[in-house]
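These notes are about the structure you will find just below.
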Amino acid sequence: MDQNSATYEGQQMYDPKGWWDTYVFSQDHKVIALQYVCVALAIGLTGMFLSLLMRMQLGFPGLFESIDAGSYYQDVTMHGMIMVIYLLTALFLGGFGNYLIPLMLGCRDMAFPFVNMLSFWMYFLSVIILVASFFVESGPTGAGWTLYPPQSILEGTPGADGAGIILMLASLAVFIVAFTMGGLNYITTVLQSRAKGMTLMRMPLIIWCIFLATFLGLLAFPALLVGAIMLIFDRVLETSFFMPEIFKGGEVLDYGGGSPVLFQHLFWFFGHPEVYIIALPAFGIISELISVHARKNIFGYNMMVWALIAIAGIAFIVWAHHMYVAGMNPYLGFFFATTTLIIAVPTAIKVYNWVLTLWNANIKMTVPMLYCLAFLVTFLNGGLTGLFLGNVAVDVPLSDTYFVVGHFHMVMAVSPVLALFGGLYHWYPSVTGRMLDDTLGKIHFWITFVGTYLIYFPMHYIGFLGVPRRYYSNEQYDFIPQSVADLNQFITICALIVGAAQFILLYNFIKSYYKGAIAPKNPWGACTLEWQTLESPPGHGNWGEQLPVVYRWPYEYGLPEATADFVPQNVPDEQIT
Amino acid sequence: MANYSASEKAFLGLNHAQVFVYVLMTVISILFLFITNAYLFRMNFQDWAPLPIPTLLWFNTICLLLASIGMAWSKSGAKSQDHQKTKVGLAIAGVFAIAFVSGQTWAWQELNVSGYFLSSNPANTFFYLITALHAFHVLGGLVAWFMVTLKAFKGDETMLRSESVGLLGAYWHYMLLVWGVLFAMLITT
C-alpha cells in the first residue's frame, strides 16, 4: 500500500502532505471543485466583459475607437466560446459535479482522485491556451463561436492568419481531454462508489443530471475533437477536409473539394448535446433547491428520471435543426423538426413536475428559491421561443436575426446562470461553513433577474423586425428603423447595470467568507447526504470513521410520524423522532 | 484492499478500473465512428483519389494480432498463477505493439517517398489521420503497458493478477478490433 494512504472503512484515502498537496495539487474532490469554480468564474468574468464591449458598440456605435469590426467579431467569438464551454460546462460538471457527487452519494472521494486532479490541471491549461490567444499577433479568432470553415481559417477573418484559430482549436482539444478524464471519473464514481442503501433510484436528481450530462459530454465531445483536429489540418497543412474550391482575387487557392457542411454536422453533433450538458445540471440544481426550499418532496421522481434519460437520448438526434439554412434536404429538415418538437415533451414534463412540487407547498422565499422561480419562468420563455425556431418554415426567416440571440440567451445563458446562482447560494454554507448575506443576495437577484429580461426580451422584437445578428454596425441599412438604435442603447445600459451587479455577488462571497453568519450544520433542512457529514464543512475523507448508510429517498419532507418536517437519507425508520 | 461491504453493490460486478476502461473504450469508439463517418461522407466527392494501401500494413496487422495473442497468453498465465508465463505474454504483447506502431510510421514514409503526400488528396489525408489516430491510441495503451510490466517485472504481485492483465488485454483486443474495422474500410474503399 502507498505510504501516503490510510485506509478508512472500505476505501483507500490519499492523505495530503504539506500546503502544496492540500491546496494546489490536491486530490481531494472538494478542493478540485473549488479550483474549477474559481477558474471558471474568473474566465466567465472575462467573457462577461467581452459581452459588455459588444454591447457598447451596438448601443453607442463608434464611441470606442478601439472596437473595430475585427475586434467586435473577436469579442463575439470569445464571449460565446468562454461562456458555453469554459464557464458553464466546467462550472457545472467540474465544480458542482466534483463537489456534490462524492458527498451526495456518501463516499470519500472520486474513484480516481489522481485522474481527477489531472482533469483540473488540463482544464487550467486549456484556459491558459485560450487566454494566450488574446496576446498573439492579430489576436484571437473572430470566426464566430461555431468556427465554421472556410471563413474561420481564411485570411481576412480576424485571428485566421495568425495563431488565434490554432490556439482556439488546441485549447478545445485540451479541454476535451480534461473533460474526458473528469467524466470517466464521475461515471465510475456514480456507478461504483455509492454508500450502502444508495440505490440508483435513491440518488438525488442532481446526481442523475450530472451523470447523464457527463454521458452526453463523453459521447458528444469526440465529434468536436474530430472536427477540431481536421480543421487544424486544413489550416496548418493545407488539406481540404472542409475547404471547397476557393477563388481569391481571381486566383485559385490550394484548397479544393472539401465540404464545409461536414464541419457543421460534426460541430452540431457536439453542439446540440452541449445545450443539454449545460441544461441538465441546471435542471438538477433546480430540482434539489425547489424541493428543499418548498419543504415538499419532488413531484414524480421516477418520471423525472425517465424524462432526463429521454432528453439525453433525444438530444443526439436533433442537431441539424441548427443547420436549416445550410441548404438541407427538406425531408431531413422535417425529421429534425419532428425530433426537436418531441424533445419538448420530456422537458415539459420536468417543468410541470417542478410546478406541481410548488403546488400547496410551504414555499420559503429564500434567495435560492427566488432563483428557482426565476429559472422556471425564464426557461419556459426560452423554451417556447425554441418551439418557433424548431420549425423549418419559421426558422428560415428568423435564423439570422436577433430573435435567435434572444431565444438562445434566455434558454441557455440566463436560465443556467440563474440555476447556477441559486446553487451557489444554496451550497455556499456547505463549502465555507458560513451563510451568504441575504439582503445582498436579494439585491443581486432582483437586478440580475429583471435586468436580464430587459436585455433579452427586446431582442425578440428587434429580431421580428428583421435586424440581422452578427452585424458589427446597423447604421447603414434603410430597413432598420431608428427605434432599433434607441432600443439597443437601452439594452446596453441594462447590460452594464447587470454586469456591475455581478460584483455584488463577488463582494458577498468575500465578505461572507470572513464575516458571514456561522451556518448551522444543515441550514436549509435538506435530506441529502452532503449536509449530514460529521464536521461542517466536511473534512478530508468526508465521513470520519464510518461511511453513511442510506435508508430512504432524498426528498423525505413532511413525514407524518416525524416531528421535524424532514428526515435525512441516513436516518433509519426506528430513529425517526 | 477493496472491501465493498460499506458500499452499494458494484455495478454489474465490475471493479472501478473496469468501468473506467470500458467507458473509455466507448468514448474512443465514438471518436472513430465520427472519423469513419467523415471518411465515408467525404469519399463521395469528385476529387477523391484512393491511394494504394502499402503491403506493409498486412504485416503490421499480423503484429497487432500477435500482440493480442501475447496478452491472451499473459492472461491465461495470470489465471493459472504462472508468473513466468504472464510476464512472457506481457513482453510479447508489448514488443509486437511497438512493432506495429513502428511499422505504421514506416508505411507513412513509404507513401511519402512514393509521392502520396498528406495534403495532395483528401484520401491521403484521411489515411494518415485515421492510421495516426489509431497508432496514437495504441501508444496510449503502451504507456499503461509500460507501467504494468515494469511493476510486474519488479515483482509486484497485484500487477500479475488476472484483473490487471485482463484489463490491459481487453484494451489490446479492442485496439485490434478497431484496427480491423478501419483497415477493412481502407482496403475496400
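Naming scheme: A, B, ... for chains in displayed order of the C-alpha cells; residues 1 onward per chain; ligands 1 onward as shown.
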
(request) Pick out the chain B residues within 10 Å of chain A. Count only C-alpha atoms. Give them as a ChimeraX atom specification. (result) /B:1-24,26-35,37-39,41-43,45-48,118-126,129,133

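Residues lying within 9 Å of A:Pro330, counting only C-alpha atoms and ignoring same-chain neighbours fewer than 5 positions away, are Tyr324, Phe335 and Val392 of chain A.
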
Selection to disk with N, CA and C atoms, as a PDB file, in the first residue's frame:
```
ATOM      1  N   TYR A 324     -30.768  24.425 -40.596  1.00  0.00           N
ATOM      2  CA  TYR A 324     -31.848  24.526 -41.579  1.00  0.00           C
ATOM      3  C   TYR A 324     -31.469  25.427 -42.748  1.00  0.00           C
ATOM      4  N   PHE A 335     -37.537  15.716 -40.516  1.00  0.00           N
ATOM      5  CA  PHE A 335     -37.145  14.772 -39.461  1.00  0.00           C
ATOM      6  C   PHE A 335     -36.628  15.518 -38.235  1.00  0.00           C
ATOM      7  N   VAL A 392     -38.959  24.425 -39.404  1.00  0.00           N
ATOM      8  CA  VAL A 392     -38.139  24.922 -40.508  1.00  0.00           C
ATOM      9  C   VAL A 392     -38.705  26.215 -41.080  1.00  0.00           C
TER      10      VAL A 392
END
```

(message) So the first atom is atom CA of A:Trp543 and the second is atom CA of A:Tyr428; what is the distance between them in Å, to one decimal place?
(response)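 Separation between atom CA of A:Trp543 and atom CA of A:Tyr428: 19.0 Å.
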
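Among the candidates B:Thr131, B:Pro54, B:Asn44, B:Trp145, the one nearest to B:Val113 when counting only C-alpha atoms is B:Pro54.
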
List every residue of stretch 511-575 of chain A that has an atom at most 12 Å from any atom of stretch 347-369 of chain A, giving for each one its closest atom pair and the distance in Å to one decimal, counting only C-alpha atoms, sorted by chain and then by ascending residue number, as JSON lines.
```
{"residue": "A:Pro523", "atom": "CA", "partner": "A:Thr366", "partner_atom": "CA", "distance": 11.6}
{"residue": "A:Trp524", "atom": "CA", "partner": "A:Thr366", "partner_atom": "CA", "distance": 9.5}
{"residue": "A:Gly525", "atom": "CA", "partner": "A:Lys364", "partner_atom": "CA", "distance": 11.7}
{"residue": "A:Tyr555", "atom": "CA", "partner": "A:Thr357", "partner_atom": "CA", "distance": 11.1}
{"residue": "A:Tyr557", "atom": "CA", "partner": "A:Ala361", "partner_atom": "CA", "distance": 10.4}
{"residue": "A:Gly558", "atom": "CA", "partner": "A:Asn362", "partner_atom": "CA", "distance": 10.0}
{"residue": "A:Asp565", "atom": "CA", "partner": "A:Asn362", "partner_atom": "CA", "distance": 10.4}
```

(message) DSSP on the backbone, alpha helix (DSSP H) only: what residues of stretch 239-413 of chain A does that give? Format it as a PyMOL selection string.
(response) chain A and resi 260-293+301-314+330-358+367-390+392-398+402-408
